[in-house]
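In what follows, a structure is listed as structure tokens, so that the remarks can point back to it.
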Amino acid sequence: MAEIKTLIQLFVAFAKIGFTSFGGTSMIPLIMEEMSSHGWMNQADLSNLIAIAEMTPGSLGVNCATFAGTKTAGMIGGAAAVLGVLCPTLTLTLAAAIFFHKFRESKVMGYIMMFVKPICIGMIVQVLVSLSMQNYVADSGWVDPLAIGIGVVCFYLLRKRKMSVPKVIGVAAVLGLVCFGVL
């Protein structure tokens, strides 16, 4: 069983990383410094940690915290490090929820939301248009009927056949490989 002192140190170290970095690769120097200064990992361990965290799906910070905490103090250490690195996100989300709940009925909040909702919808539409242009318009500038066909098949599989998203992604990948001459 890991010492309480080590668990607290892991939590504090990763909370400091979470609060002082901007996520992603900007965390790497801070993680390396914390791991070396406490003597939890050597350079080879750190290199492996970063390589594994980069290859694994998910946030680099959470992956590094999980691996470093687990290596240092077992599963409980992994949990302490992950809670530490997520502390800024959890704190800001909690503060936003409290703020929103407190001022939910406020006229000012109503006016703010009148502007925020259309902006969010506009951002979603912009992403939709951008992705559609990237996926359904060929380099020549014309709409690609094969890409549209794959999109229609995927939509049909999702909506009418209720196929799971991972399966539909697999079908789309195979259709893309076949239709665009890779296979």
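Scheme for the structure tokens: letters A, B, ... for chains in order shown; per-chain residue numbers from 1; ligand numbers from 1 in order shown.
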Handout entry: Residues within 9 Å of range 21-27 of chain A, only C-alpha atoms, excluding chain neighbours under 5 positions, as a list in words
Key = Lys16, Met32, Ser59, Leu60 and Gly61 of chain A
Go ahead and save the residues from that selection, with C-alpha atoms, as a PDB file, in the first residue's frame.
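Final output, saved to part.pdb:
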```pdb
ATOM      1  CA  LYS A  16       0.449  21.953 -10.194  1.00  0.00           C
ATOM      2  CA  MET A  32       9.623  15.435 -16.436  1.00  0.00           C
ATOM      3  CA  SER A  59      -5.478  13.337 -23.023  1.00  0.00           C
ATOM      4  CA  LEU A  60      -1.692  13.400 -22.711  1.00  0.00           C
ATOM      5  CA  GLY A  61      -1.945  14.802 -19.188  1.00  0.00           C
TER       6      GLY A  61
END
```
Handout entry: Surrounding residues of range 156-159 of chain A excluding itself and chain neighbours under 6 positions, 10 Å, only C-alpha atoms, as a ChimeraX atom specification
Key = /A:150,165,167-168,171
Contact residues around His38 in chain A with only C-alpha atoms at 10 Å, ignoring same-chain residues under 5 positions, as a PDB file with C-alpha atoms, in the first residue's frame:
```pdb
ATOM      1  CA  THR A   6       3.446   9.878  -1.639  1.00  0.00           C
ATOM      2  CA  GLN A   9       2.752  14.472  -3.355  1.00  0.00           C
ATOM      3  CA  LEU A  10       1.449  12.845  -6.555  1.00  0.00           C
ATOM      4  CA  ALA A  13       2.515  17.539  -8.365  1.00  0.00           C
ATOM      5  CA  GLU A  33      10.685  17.963 -13.790  1.00  0.00           C
TER       6      GLU A  33
END
```
Exercise for the section: Take CA of Gly74 in chain A and CA of Met41 in chain A and report the distance between them in Å, one decimal. Expected result: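 For CA of Gly74 in chain A relative to CA of Met41 in chain A, the distance reads 13.8 Å.
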Practice task
Would you mind telling me which residue in A:Ile76, A:Val153, A:Val116, A:Leu92 lies nearest to Phe19 in chain A when using only C-alpha atoms?
Solution key: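 So, comparing all the options, the nearest one is A:Leu92.
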Handout entry: Close residues, Thr89 in chain A itself excluded, 12 Å, only C-alpha atoms, min 3 positions apart in chain, as a list in words
Key = Ala15, Gly18, Phe19, Phe22, Gly23, Gly61, Val62, Val82, Leu83, Gly84, Val85, Leu86, Leu92, Thr93, Leu94, Ala95 and Ala96 of chain A
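For Ala44 in chain A, the non-local neighbours within 12 Å, defined as residues at least 6 positions apart in the same chain or in other chains and counting only C-alpha atoms, are Met32, Met35, Ser36, Ile50 and Ala51 of chain A.
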Print the selection's residues with all heavy atoms to a file, as an mmCIF file, in the first residue's frame.
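Everything below was put into out_10.cif:
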```cif
data_model
loop_
_atom_site.group_PDB
_atom_site.id
_atom_site.type_symbol
_atom_site.label_atom_id
_atom_site.label_comp_id
_atom_site.auth_asym_id
_atom_site.auth_seq_id
_atom_site.Cartn_x
_atom_site.Cartn_y
_atom_site.Cartn_z
ATOM 1 N N MET A 32 8.253 15.938 -16.569
ATOM 2 C CA MET A 32 9.623 15.435 -16.436
ATOM 3 C C MET A 32 10.287 16.024 -15.194
ATOM 4 O O MET A 32 10.957 15.313 -14.444
ATOM 5 C CB MET A 32 10.413 15.735 -17.706
ATOM 6 C CG MET A 32 9.903 14.940 -18.904
ATOM 7 S SD MET A 32 10.761 15.298 -20.418
ATOM 8 C CE MET A 32 12.171 14.215 -20.227
ATOM 9 N N MET A 35 8.662 14.432 -11.961
ATOM 10 C CA MET A 35 9.033 13.024 -11.793
ATOM 11 C C MET A 35 10.490 12.889 -11.356
ATOM 12 O O MET A 35 10.820 12.076 -10.500
ATOM 13 C CB MET A 35 8.806 12.227 -13.084
ATOM 14 C CG MET A 35 7.360 12.127 -13.521
ATOM 15 S SD MET A 35 6.338 11.208 -12.381
ATOM 16 C CE MET A 35 5.414 12.503 -11.604
ATOM 17 N N SER A 36 11.386 13.697 -11.975
ATOM 18 C CA SER A 36 12.812 13.615 -11.604
ATOM 19 C C SER A 36 13.074 14.218 -10.234
ATOM 20 O O SER A 36 13.851 13.673 -9.470
ATOM 21 C CB SER A 36 13.715 14.339 -12.590
ATOM 22 O OG SER A 36 13.227 14.451 -13.835
ATOM 23 N N ILE A 50 6.370 9.150 -21.805
ATOM 24 C CA ILE A 50 5.893 10.077 -22.833
ATOM 25 C C ILE A 50 5.501 9.317 -24.092
ATOM 26 O O ILE A 50 4.447 9.582 -24.689
ATOM 27 C CB ILE A 50 6.963 11.146 -23.156
ATOM 28 C CG1 ILE A 50 7.332 11.950 -21.894
ATOM 29 C CG2 ILE A 50 6.501 12.065 -24.267
ATOM 30 C CD1 ILE A 50 6.205 12.644 -21.210
ATOM 31 N N ALA A 51 6.288 8.341 -24.493
ATOM 32 C CA ALA A 51 5.973 7.560 -25.694
ATOM 33 C C ALA A 51 4.650 6.818 -25.529
ATOM 34 O O ALA A 51 3.797 6.848 -26.429
ATOM 35 C CB ALA A 51 7.099 6.574 -25.990
#
```
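Neighbours of Ala53 in chain A closer than or equal to 10 Å, with only C-alpha atoms counted and sequence neighbours fewer than 3 positions away skipped, come out as Ser47, Asn48, Leu49, Ile50, Thr56, Pro57, Gly58, Ser59, Leu60, Gly61, Val62, Asn63, Cys64, Ala65, Thr66, Phe67 and Ala68 of chain A.
The shortest atom-to-atom distance to Phe11 in chain A, with only C-alpha atoms taken into account, belongs to A:Cys87 out of A:Leu46, A:Leu30, A:Cys87, A:Leu128.
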Practice task
From the DSSP assignment of the backbone, select every residue of chain A that is helix (DSSP H, G or I), and format the answer as a PyMOL selection string.
Solution key: chain A and resi 4-20+24-37+43-55+60-103+107-136+145-159+165-179
